[in-house]
Structure formats: structure tokens, C-alpha cells
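Colleague: First, the structure itself, so that you have it in front of you.
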Amino acid sequence: MAYFENCEKSYTMPNKAGLCVWTHISRDTYCEYRKKYPDTIKAIDDYIENAWVQRLATTSPTGAIFYLKNAFKEDYRDRIEQDVTSGGEKVQGFQLIPPHDSPNKTDN
């Protein structure tokens, strides 16, 4: 593909935004193509991801780490957050109920 050849000749890193600019399509169109042509778009994403992963071996990998975490969120992240208490529902509040043997308990 001409975009990737241009990146190699100009020593620039391929990326999704650059591909969209090069092909004169919006990010929304790129996402629509993902649905229509999943194998092609996956191959493009894999090529871009591989280029950035290879950059991690260079002396300045910080930019590559940032790009991978943002462009390929599903695969590159520092942590996984899971909500195991509310099942994804908004927590409205709670009521604190002291135990039976609480020293603050008043007897009538």
C-alpha cells in the first residue's frame, strides 16, 4: 500500500490517523470499513501495531508505548479495572449498621 511505502521512505511511523489523512477518509469511515472489510482492516492494524512494537526496541520507546496504549487499547494497558460490587450500576449510597456488640449502642 502506498501509505506504508511512503512511511518507510520518509522514515515516519505509520498510524491510523496518518492512514486516514493519506486516503482522504474520516475516522468514522475507517471504523465503518472495519465492519465491511474486517480482514483487510485487521491486517492494516496489525501492520501498524507491528511497526510500533518494533520501535519499542529503540532507545526512546516512550512514544511507542503511548501510541500502543491509545491506538490498541484492548491489547496494551497498565491495568484492568473490574467492578465486582455493583454489577456496573451506579452506587446510590449505603447505610452503616453497627454490630450488636457495638460500644455506641444505647440501651433503653
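Ordering of the C-alpha cells sets the chain letters (A, B, ...); residue numbers start at 1 within each chain; ligands are numbered from 1 in the order shown.
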For Arg27 in chain A, list every protein, DNA or RNA residue within 8 Å, evaluated using only C-alpha atoms, and leave out those in the same chain fewer than 4 positions away; present the list as an MDAnalysis selection string.

Modeller: chainID A and resid 17 20 31

Colleague: Taking the DSSP assignment computed from this structure's backbone, write out as a ChimeraX atom specification all residues of chain A that belong to alpha helix (DSSP H).

Modeller: /A:2-10,16-23,27-36,38-55,62-71

Colleague: Point out the residue among A:Ser60, A:Ala43, A:Glu8, A:Glu49 with the least atom-to-atom distance to Lys73 in chain A, counting only C-alpha atoms.

Modeller: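 Closest residue, counting only C-alpha atoms: A:Glu49.
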
Colleague: Please identify all polymer residues within 6 Å of range 61-66 of chain A, counting only C-alpha atoms, omitting same-chain residues fewer than 3 positions from it, and present them as a list in words.

Modeller: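 Close residues of range 61-66 of chain A: Trp52, Leu56 and Lys69 of chain A.
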
Colleague: Point out the residue among A:Glu89, A:Asp101, A:Glu5, A:Tyr11 with the least atom-to-atom distance to Arg55 in chain A, counting only C-alpha atoms.

Modeller: A:Tyr11

Colleague: Got a sec: who's within 12 Å of Ala51 in chain A, counting only C-alpha atoms, leaving out chain neighbours fewer than 2 positions off, as a list in words?

Modeller: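 Skipping anything fewer than 2 positions along the chain leaves Phe4, Cys7, Glu8, Tyr11, Thr12, Met13, Pro14, Asn15, Lys16, Ile44, Asp45, Asp46, Tyr47, Ile48, Glu49, Val53, Gln54, Arg55, Leu56, Ala57, Thr58, Ala64, Ile65, Tyr67 and Leu68 of chain A.
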
Colleague: How about saving the chosen residues, C-alpha atoms kept, as a PDB file, in the first residue's frame?

Modeller:
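Saved file result.pdb follows:
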ATOM      1  CA  PHE A   4       3.122   2.308   4.145  1.00  0.00           C
ATOM      2  CA  CYS A   7       6.200   5.887   5.675  1.00  0.00           C
ATOM      3  CA  GLU A   8       9.209   3.668   5.021  1.00  0.00           C
ATOM      4  CA  TYR A  11      11.191   7.269   7.988  1.00  0.00           C
ATOM      5  CA  THR A  12       7.870   8.084   9.650  1.00  0.00           C
ATOM      6  CA  MET A  13       5.836   5.772  11.802  1.00  0.00           C
ATOM      7  CA  PRO A  14       2.568   4.532  10.278  1.00  0.00           C
ATOM      8  CA  ASN A  15      -0.552   5.243  12.281  1.00  0.00           C
ATOM      9  CA  LYS A  16      -4.323   5.179  11.878  1.00  0.00           C
ATOM     10  CA  ILE A  44      -3.702  -2.876   8.360  1.00  0.00           C
ATOM     11  CA  ASP A  45      -3.990  -2.592  12.145  1.00  0.00           C
ATOM     12  CA  ASP A  46      -1.549  -5.485  12.570  1.00  0.00           C
ATOM     13  CA  TYR A  47       0.978  -3.810  10.264  1.00  0.00           C
ATOM     14  CA  ILE A  48       0.709  -0.516  12.167  1.00  0.00           C
ATOM     15  CA  GLU A  49       0.889  -2.275  15.542  1.00  0.00           C
ATOM     16  CA  VAL A  53       6.113  -2.682  18.659  1.00  0.00           C
ATOM     17  CA  GLN A  54       9.385  -2.792  16.706  1.00  0.00           C
ATOM     18  CA  ARG A  55      10.013   0.799  17.764  1.00  0.00           C
ATOM     19  CA  LEU A  56       9.954  -0.347  21.392  1.00  0.00           C
ATOM     20  CA  ALA A  57      13.392  -1.852  20.758  1.00  0.00           C
ATOM     21  CA  THR A  58      14.850   1.593  20.024  1.00  0.00           C
ATOM     22  CA  ALA A  64       5.617   3.930  21.100  1.00  0.00           C
ATOM     23  CA  ILE A  65       4.238   2.868  24.478  1.00  0.00           C
ATOM     24  CA  TYR A  67       0.651   5.147  20.958  1.00  0.00           C
ATOM     25  CA  LEU A  68       0.111   1.434  21.558  1.00  0.00           C
TER      26      LEU A  68
END

Colleague: Between CA of Asp75 in chain A and CA of Ala2 in chain A, what is the distance, to one decimal in Å?

Modeller: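 Pair CA of Asp75 in chain A / CA of Ala2 in chain A returns 27.0 Å.
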
Colleague: Have a look at A:Pro98, A:Gln92, A:Asn6, A:Leu19 and name the one nearest to Ile41 in chain A; count only C-alpha atoms.

Modeller: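 Residue with the minimum atom-to-atom distance to Ile41 in chain A: A:Leu19.
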
Colleague: Have a look at CA of Asn50 in chain A and CA of Tyr33 in chain A and let me know their distance in Å, one decimal.

Modeller: 20.5 Å

Colleague: In Å to one decimal, how far is CA of Thr40 in chain A from CA of Tyr76 in chain A?

Modeller: 21.5 Å
